[in-house]
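**Q** My structure is stored as start.cif, with mmCIF, C-alpha atoms.
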data_input
#
loop_
_atom_site.label_atom_id
_atom_site.label_comp_id
_atom_site.auth_asym_id
_atom_site.auth_seq_id
_atom_site.Cartn_x
_atom_site.Cartn_y
_atom_site.Cartn_z
CA MET C 1 -1.44 -7.90 17.45
CA LEU C 2 1.44 -8.66 15.08
CA ARG C 3 3.87 -11.04 16.76
CA PRO C 4 7.39 -11.76 15.50
CA GLN C 5 7.91 -15.39 14.46
CA ARG C 6 11.44 -16.77 14.52
CA PRO C 7 11.27 -18.78 11.27
CA LEU C 8 9.90 -15.77 9.38
CA HIS C 9 12.43 -13.46 10.95
CA GLN C 10 15.21 -15.85 9.92
CA ALA C 11 13.77 -16.05 6.41
CA ALA C 12 13.74 -12.26 6.24
CA GLN C 13 17.39 -12.15 7.23
CA ASP C 14 18.23 -14.76 4.59
CA ARG C 15 16.50 -12.73 1.90
CA GLU C 16 18.25 -9.54 3.02
CA ARG C 17 21.57 -11.25 2.34
CA ARG C 18 20.67 -11.82 -1.31
CA VAL C 19 22.79 -9.75 -3.68
CA SER C 20 21.46 -7.59 -6.48
CA PRO C 21 22.90 -7.69 -10.02
CA ALA C 22 24.69 -4.41 -9.25
CA GLY C 23 26.62 -6.19 -6.48
CA LEU C 24 24.81 -4.45 -3.64
CA GLY C 25 22.94 -6.34 -0.95
CA LEU C 26 19.20 -5.83 -1.35
CA ASP C 27 19.06 -4.60 2.25
CA SER C 28 21.36 -1.73 1.29
CA GLU C 29 19.77 1.71 1.65
CA LEU C 30 21.62 2.71 -1.51
CA VAL C 31 19.52 0.28 -3.57
CA ARG C 32 16.32 1.87 -2.27
CA SER C 33 17.83 5.34 -2.70
CA ARG C 34 18.20 4.66 -6.40
CA MET C 35 14.56 3.65 -6.57
CA VAL C 36 13.54 6.84 -4.76
CA GLY C 37 15.68 8.87 -7.15
CA LYS C 38 13.75 7.40 -10.06
CA LEU C 39 10.47 8.26 -8.32
CA ARG C 40 11.63 11.88 -8.13
CA THR C 41 12.37 11.97 -11.83
CA GLN C 42 8.89 10.54 -12.47
CA GLY C 43 7.34 13.48 -10.65
CA VAL C 44 6.79 12.39 -7.04
CA ARG C 45 7.41 15.47 -4.87
CA ASP C 46 6.01 14.59 -1.44
CA GLU C 47 9.08 14.20 0.79
CA LYS C 48 7.13 12.27 3.42
CA VAL C 49 6.13 9.70 0.80
CA LEU C 50 9.65 9.46 -0.60
CA ALA C 51 11.04 8.92 2.91
CA ALA C 52 8.49 6.15 3.49
CA MET C 53 9.43 4.45 0.22
CA LEU C 54 13.08 4.64 1.26
CA ALA C 55 12.36 3.14 4.68
CA VAL C 56 10.47 0.01 3.59
CA PRO C 57 12.49 -2.88 2.10
CA ARG C 58 10.28 -3.95 -0.81
CA HIS C 59 12.32 -7.10 -1.48
CA LEU C 60 11.08 -8.61 1.77
CA PHE C 61 7.50 -8.56 0.48
CA VAL C 62 8.06 -10.49 -2.76
CA ASP C 63 8.93 -14.12 -3.39
CA THR C 64 12.61 -14.93 -3.07
CA ALA C 65 12.85 -15.85 -6.74
CA LEU C 66 11.71 -12.33 -7.66
CA ALA C 67 13.77 -10.44 -5.08
CA ASN C 68 16.27 -9.14 -7.65
CA GLN C 69 13.39 -7.36 -9.43
CA ALA C 70 12.04 -5.78 -6.24
CA TYR C 71 13.42 -2.29 -6.91
CA GLU C 72 12.50 -2.14 -10.56
CA ASP C 73 9.43 -0.07 -11.39
CA THR C 74 7.23 -3.05 -12.12
CA SER C 75 4.38 -4.94 -10.53
CA LEU C 76 5.15 -8.50 -9.41
CA PRO C 77 2.93 -11.53 -8.73
CA ILE C 78 2.22 -12.41 -5.10
CA GLY C 79 -0.06 -15.39 -5.70
CA LEU C 80 -3.81 -15.92 -6.15
CA GLN C 81 -3.68 -13.82 -9.35
CA GLN C 82 -2.80 -10.73 -7.31
CA THR C 83 0.18 -8.39 -7.60
CA ILE C 84 2.32 -6.00 -5.61
CA SER C 85 1.93 -2.61 -7.30
CA LYS C 86 4.72 -0.74 -9.06
CA PRO C 87 6.68 1.55 -6.69
CA SER C 88 5.74 4.56 -8.83
CA VAL C 89 2.03 3.77 -8.51
CA VAL C 90 2.25 3.21 -4.74
CA ALA C 91 4.07 6.51 -4.28
CA ARG C 92 1.75 8.44 -6.60
CA MET C 93 -1.44 7.16 -4.98
CA ILE C 94 -0.22 7.92 -1.46
CA GLU C 95 0.93 11.37 -2.59
CA LEU C 96 -2.53 12.09 -4.03
CA MET C 97 -4.19 10.86 -0.85
CA ARG C 98 -2.00 13.03 1.37
CA GLY C 99 -2.71 16.17 -0.63
CA GLY C 100 0.40 18.12 0.31
CA ARG C 101 0.31 17.80 4.10
CA GLY C 102 4.03 18.33 4.55
CA ASP C 103 5.37 16.50 7.59
CA ALA C 104 1.93 15.98 9.12
CA LEU C 105 0.71 12.42 9.59
CA LEU C 106 -2.76 11.44 8.45
CA PRO C 107 -4.71 10.50 11.59
CA ARG C 108 -6.51 7.47 10.14
CA VAL C 109 -6.19 5.65 6.79
CA LEU C 110 -8.17 2.78 5.30
CA GLU C 111 -6.47 0.52 2.74
CA ILE C 112 -8.61 -1.72 0.55
CA GLY C 113 -6.62 -4.75 -0.56
CA THR C 114 -3.73 -5.58 1.79
CA GLY C 115 -2.08 -7.97 -0.64
CA CYS C 116 1.35 -8.91 0.68
CA GLY C 117 1.39 -5.95 3.11
CA TYR C 118 3.95 -3.75 1.35
CA GLN C 119 1.73 -0.72 0.85
CA ALA C 120 0.44 -1.04 4.42
CA ALA C 121 4.05 -0.86 5.61
CA VAL C 122 4.62 2.30 3.56
CA LEU C 123 1.37 3.82 4.84
CA ALA C 124 2.49 3.15 8.40
CA HIS C 125 5.12 5.87 7.88
CA VAL C 126 2.61 8.52 6.81
CA ALA C 127 -0.36 7.77 9.10
CA ARG C 128 -0.96 7.35 12.81
CA LEU C 129 -3.31 4.42 12.21
CA VAL C 130 -3.68 2.17 9.16
CA ILE C 131 -6.63 -0.20 8.81
CA SER C 132 -6.01 -2.62 5.94
CA VAL C 133 -8.72 -4.96 4.64
CA GLU C 134 -8.07 -8.09 2.56
CA ARG C 135 -10.76 -10.42 1.17
CA LEU C 136 -8.45 -13.36 0.38
CA LYS C 137 -7.57 -15.26 3.56
CA PRO C 138 -4.23 -16.65 2.30
CA LEU C 139 -3.05 -13.13 1.45
CA HIS C 140 -4.33 -11.75 4.76
CA ASP C 141 -2.29 -14.42 6.54
CA LYS C 142 0.74 -13.77 4.32
CA ALA C 143 0.68 -10.05 5.06
CA ARG C 144 0.32 -10.72 8.78
CA ASP C 145 3.38 -12.98 8.71
CA LEU C 146 5.48 -10.59 6.60
CA LEU C 147 4.65 -7.58 8.77
CA ALA C 148 5.13 -9.44 12.06
CA PRO C 149 8.92 -8.96 12.39
CA TRP C 150 8.52 -5.17 12.02
CA ARG C 151 6.14 -4.81 14.99
CA MET C 152 4.15 -2.04 13.36
CA GLY C 153 1.74 -1.23 16.14
CA ASN C 154 -0.12 1.33 14.06
CA VAL C 155 -1.18 -1.23 11.40
CA ARG C 156 -4.32 -3.32 11.91
CA LEU C 157 -5.07 -6.07 9.41
CA VAL C 158 -8.69 -7.05 8.81
CA TYR C 159 -9.97 -10.10 6.93
CA GLY C 160 -13.18 -8.99 5.27
CA ASP C 161 -15.00 -7.62 2.26
CA GLY C 162 -13.17 -4.47 1.22
CA MET C 163 -16.13 -3.16 -0.75
CA ARG C 164 -17.83 -2.60 2.61
CA GLY C 165 -14.88 -0.60 3.91
CA HIS C 166 -14.49 -0.97 7.67
CA PRO C 167 -17.23 0.93 9.57
CA PRO C 168 -15.91 0.32 13.13
CA ASN C 169 -13.00 2.74 12.66
CA ALA C 170 -14.67 5.24 10.32
CA PRO C 171 -14.46 8.04 9.37
CA TYR C 172 -11.10 7.94 7.61
CA ASP C 173 -8.89 10.86 6.65
CA GLY C 174 -7.58 8.86 3.72
CA ILE C 175 -8.79 5.83 1.78
CA ILE C 176 -6.68 4.03 -0.81
CA ALA C 177 -7.70 1.05 -2.94
CA ALA C 178 -5.51 -1.56 -4.63
CA ALA C 179 -8.24 -2.92 -6.90
CA GLY C 180 -10.42 -1.25 -9.52
CA GLY C 181 -14.12 -1.40 -10.31
CA GLY C 182 -16.62 0.47 -12.43
CA ALA C 183 -17.39 3.00 -9.69
CA ILE C 184 -16.40 4.01 -6.17
CA PRO C 185 -18.39 1.84 -3.71
CA PRO C 186 -20.89 3.96 -1.69
CA ALA C 187 -19.54 2.54 1.58
CA TRP C 188 -16.15 4.13 0.93
CA LEU C 189 -17.69 7.54 0.34
CA GLU C 190 -19.77 7.24 3.49
CA GLN C 191 -16.68 6.38 5.53
CA LEU C 192 -14.54 9.23 4.18
CA ALA C 193 -14.18 12.07 6.69
CA VAL C 194 -14.94 15.67 5.79
CA GLY C 195 -11.59 17.00 4.60
CA GLY C 196 -10.50 13.49 3.65
CA ARG C 197 -9.21 12.22 0.31
CA LEU C 198 -9.88 8.89 -1.40
CA VAL C 199 -7.76 7.44 -4.23
CA ALA C 200 -8.84 4.42 -6.27
CA PRO C 201 -8.53 2.99 -9.77
CA VAL C 202 -11.80 3.20 -11.70
CA ALA C 203 -12.67 1.71 -15.08
CA ARG C 204 -12.73 4.11 -18.02
CA GLY C 205 -13.33 2.61 -21.46
CA THR C 206 -11.08 -0.40 -21.85
CA GLY C 207 -8.68 0.71 -19.09
CA GLN C 208 -8.51 2.35 -15.68
CA VAL C 209 -7.58 5.76 -14.32
CA LEU C 210 -6.79 6.97 -10.84
CA VAL C 211 -9.75 8.83 -9.38
CA LEU C 212 -9.30 11.24 -6.49
CA VAL C 213 -12.34 12.04 -4.36
CA GLU C 214 -12.17 14.95 -1.92
CA ARG C 215 -14.92 15.42 0.64
CA ASN C 216 -15.93 18.82 1.95
CA GLU C 217 -18.94 20.22 3.82
CA ARG C 218 -20.90 20.50 0.57
CA GLY C 219 -20.22 16.99 -0.74
CA PHE C 220 -17.69 15.26 -2.96
CA VAL C 221 -15.32 16.56 -5.63
CA HIS C 222 -14.00 14.04 -8.18
CA SER C 223 -10.95 14.39 -10.38
CA GLU C 224 -9.26 11.97 -12.76
CA HIS C 225 -5.54 11.37 -13.09
CA GLU C 226 -3.19 9.01 -14.91
CA ALA C 227 -3.96 5.63 -16.42
CA VAL C 228 -3.21 2.56 -14.29
CA HIS C 229 -3.77 -1.18 -14.35
CA PHE C 230 -5.07 -2.96 -11.24
CA VAL C 231 -6.71 -6.29 -10.52
CA PRO C 232 -10.54 -6.23 -10.52
CA LEU C 233 -12.40 -5.11 -7.42
CA LYS C 234 -14.53 -7.97 -6.08
CA SER C 235 -16.95 -8.40 -3.21
CA GLY C 236 -17.12 -11.15 -0.62
CA THR C 237 -14.37 -13.14 1.04
CA THR C 238 -12.49 -16.27 0.06
#
Could you write out this file's structure as C-alpha cells?

**A**
Amino acid sequence: MLRPQRPLHQAAQDRERRVSPAGLGLDSELVRSRMVGKLRTQGVRDEKVLAAMLAVPRHLFVDTALANQAYEDTSLPIGLQQTISKPSVVARMIELMRGGRGDALLPRVLEIGTGCGYQAAVLAHVARLVISVERLKPLHDKARDLLAPWRMGNVRLVYGDGMRGHPPNAPYDGIIAAAGGGAIPPAWLEQLAVGGRLVAPVARGTGQVLVLVERNERGFVHSEHEAVHFVPLKSGTT
C-alpha cells in the first residue's frame, strides 16, 4: 500500500545529513540513544518500547526547520494546528497500552490521530498490525508520504472519523488516541478486545489526564494517570 517515492526518499536523505548542535548527524543512533536514556530516567521501563523509540528517526517526521529540536522532549507543530507528541508521552502511552507484555507483539492496534505518522512508525515495532485513522486529509496524505520510504507493511492508514474507530478490523488488542475529549467514545470501547487496553487523554477540570481502560470478561476497568496536553478530539473529516 505504501510506495516509496524518489523525491521524498531524496528529501529524507537530505534531512538525515543535517547536523545537530552537538555536532552529530541527526541520523546517528547515538542521538536517539541519548533521547532513550532520558526516557529511562523519566520512568519508562518497557524495553520493547524503548527499542522502538530508538529505531524510529523522529527528525524525519518534523519540518526541516525544526529538525534540530526533534530529539528534545517537546511537542512540535506539524501543521493544521496539530502537533507531534513529546517523545516521553509517546513512550508512556505505548507502555501503558502494552501492559508489560515483554517481547510479545500486540496482535492488532488501532491509533486514533495519525498526524505526521511518527507514532504509527513506533507502533509498527510493537504490533503485528497497526490501523491508524486520521480525519484531516492533508495530514493523512503527509503521513502516507513520510512512511512510504520505510515500506512498513504492517501499517495501514485510514482517512476517516477517528471517533468511530475502525470497525472493519475490530476488535483491537490495543487502542491509543492522540487527541482528547470529555469522555472515551463508545465506539472505541466496543472495538476493544477482551484482554485489550485503551489509552487516551480525557478532560479533567481545566486540563487532561491519561486514562487507561482495560477490558475483561466482566466489563471495563478505568484508571487515571499523569496530566497531559493534547489537541481536542473532533468528529467528522476535513

**Q** I'd like the interatomic distance between atom CA of Ile112 of chain C and atom CA of Leu210 of chain C, to a tenth of an Å.

**A**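 Computed distance, atom CA of Ile112 of chain C to atom CA of Leu210 of chain C, equals 14.4 Å.
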
**Q** Using Å and a single decimal, report how far atom CA of Ala227 of chain C sits from atom CA of Val209 of chain C.

**A**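 Going from atom CA of Val209 of chain C over to atom CA of Ala227 of chain C, I get 4.2 Å.
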
**Q** For segment 33-41 of chain C, find every residue with an atom within 7 Å (counting only C-alpha atoms), except residues of its own chain fewer than 3 positions away, and show them as an NGL selection string.

**A** :C and (29-30 or 44-45 or 50 or 53-54 or 71 or 88)

**Q** Would you kindly return, as a list in words, each protein, DNA or RNA residue with an atom no farther than 9 Å from any atom of Leu192 of chain C, considering all atoms listed in the file and excluding same-chain residues fewer than 5 positions away?

**A**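 What passes the distance filter is Ala170, Pro171, Tyr172, Asp173, Gly174, Ile175, Ala187, Arg197, Leu198, Glu214 and Arg215 of chain C.
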
**Q** Once the PyMOL selection byres ((chain C and resi 159) around 9) has been applied to the shown file, what residues remain in the selection, as a list in words?

**A**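 What the PyMOL selection byres ((chain C and resi 159) around 9) grabs from the file is Ser132, Val133, Glu134, Arg135, Leu136, Lys137, His140, Asp141, Leu157, Val158, Gly160, Asp161, Gly162 and Thr237 of chain C.
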
**Q** So, with all atoms listed in the file as the atoms that count, which of C:Ala143, C:Leu233, C:Val56, C:Val122 lies closest to Pro185 of chain C?

**A**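 Closest candidate: C:Leu233.
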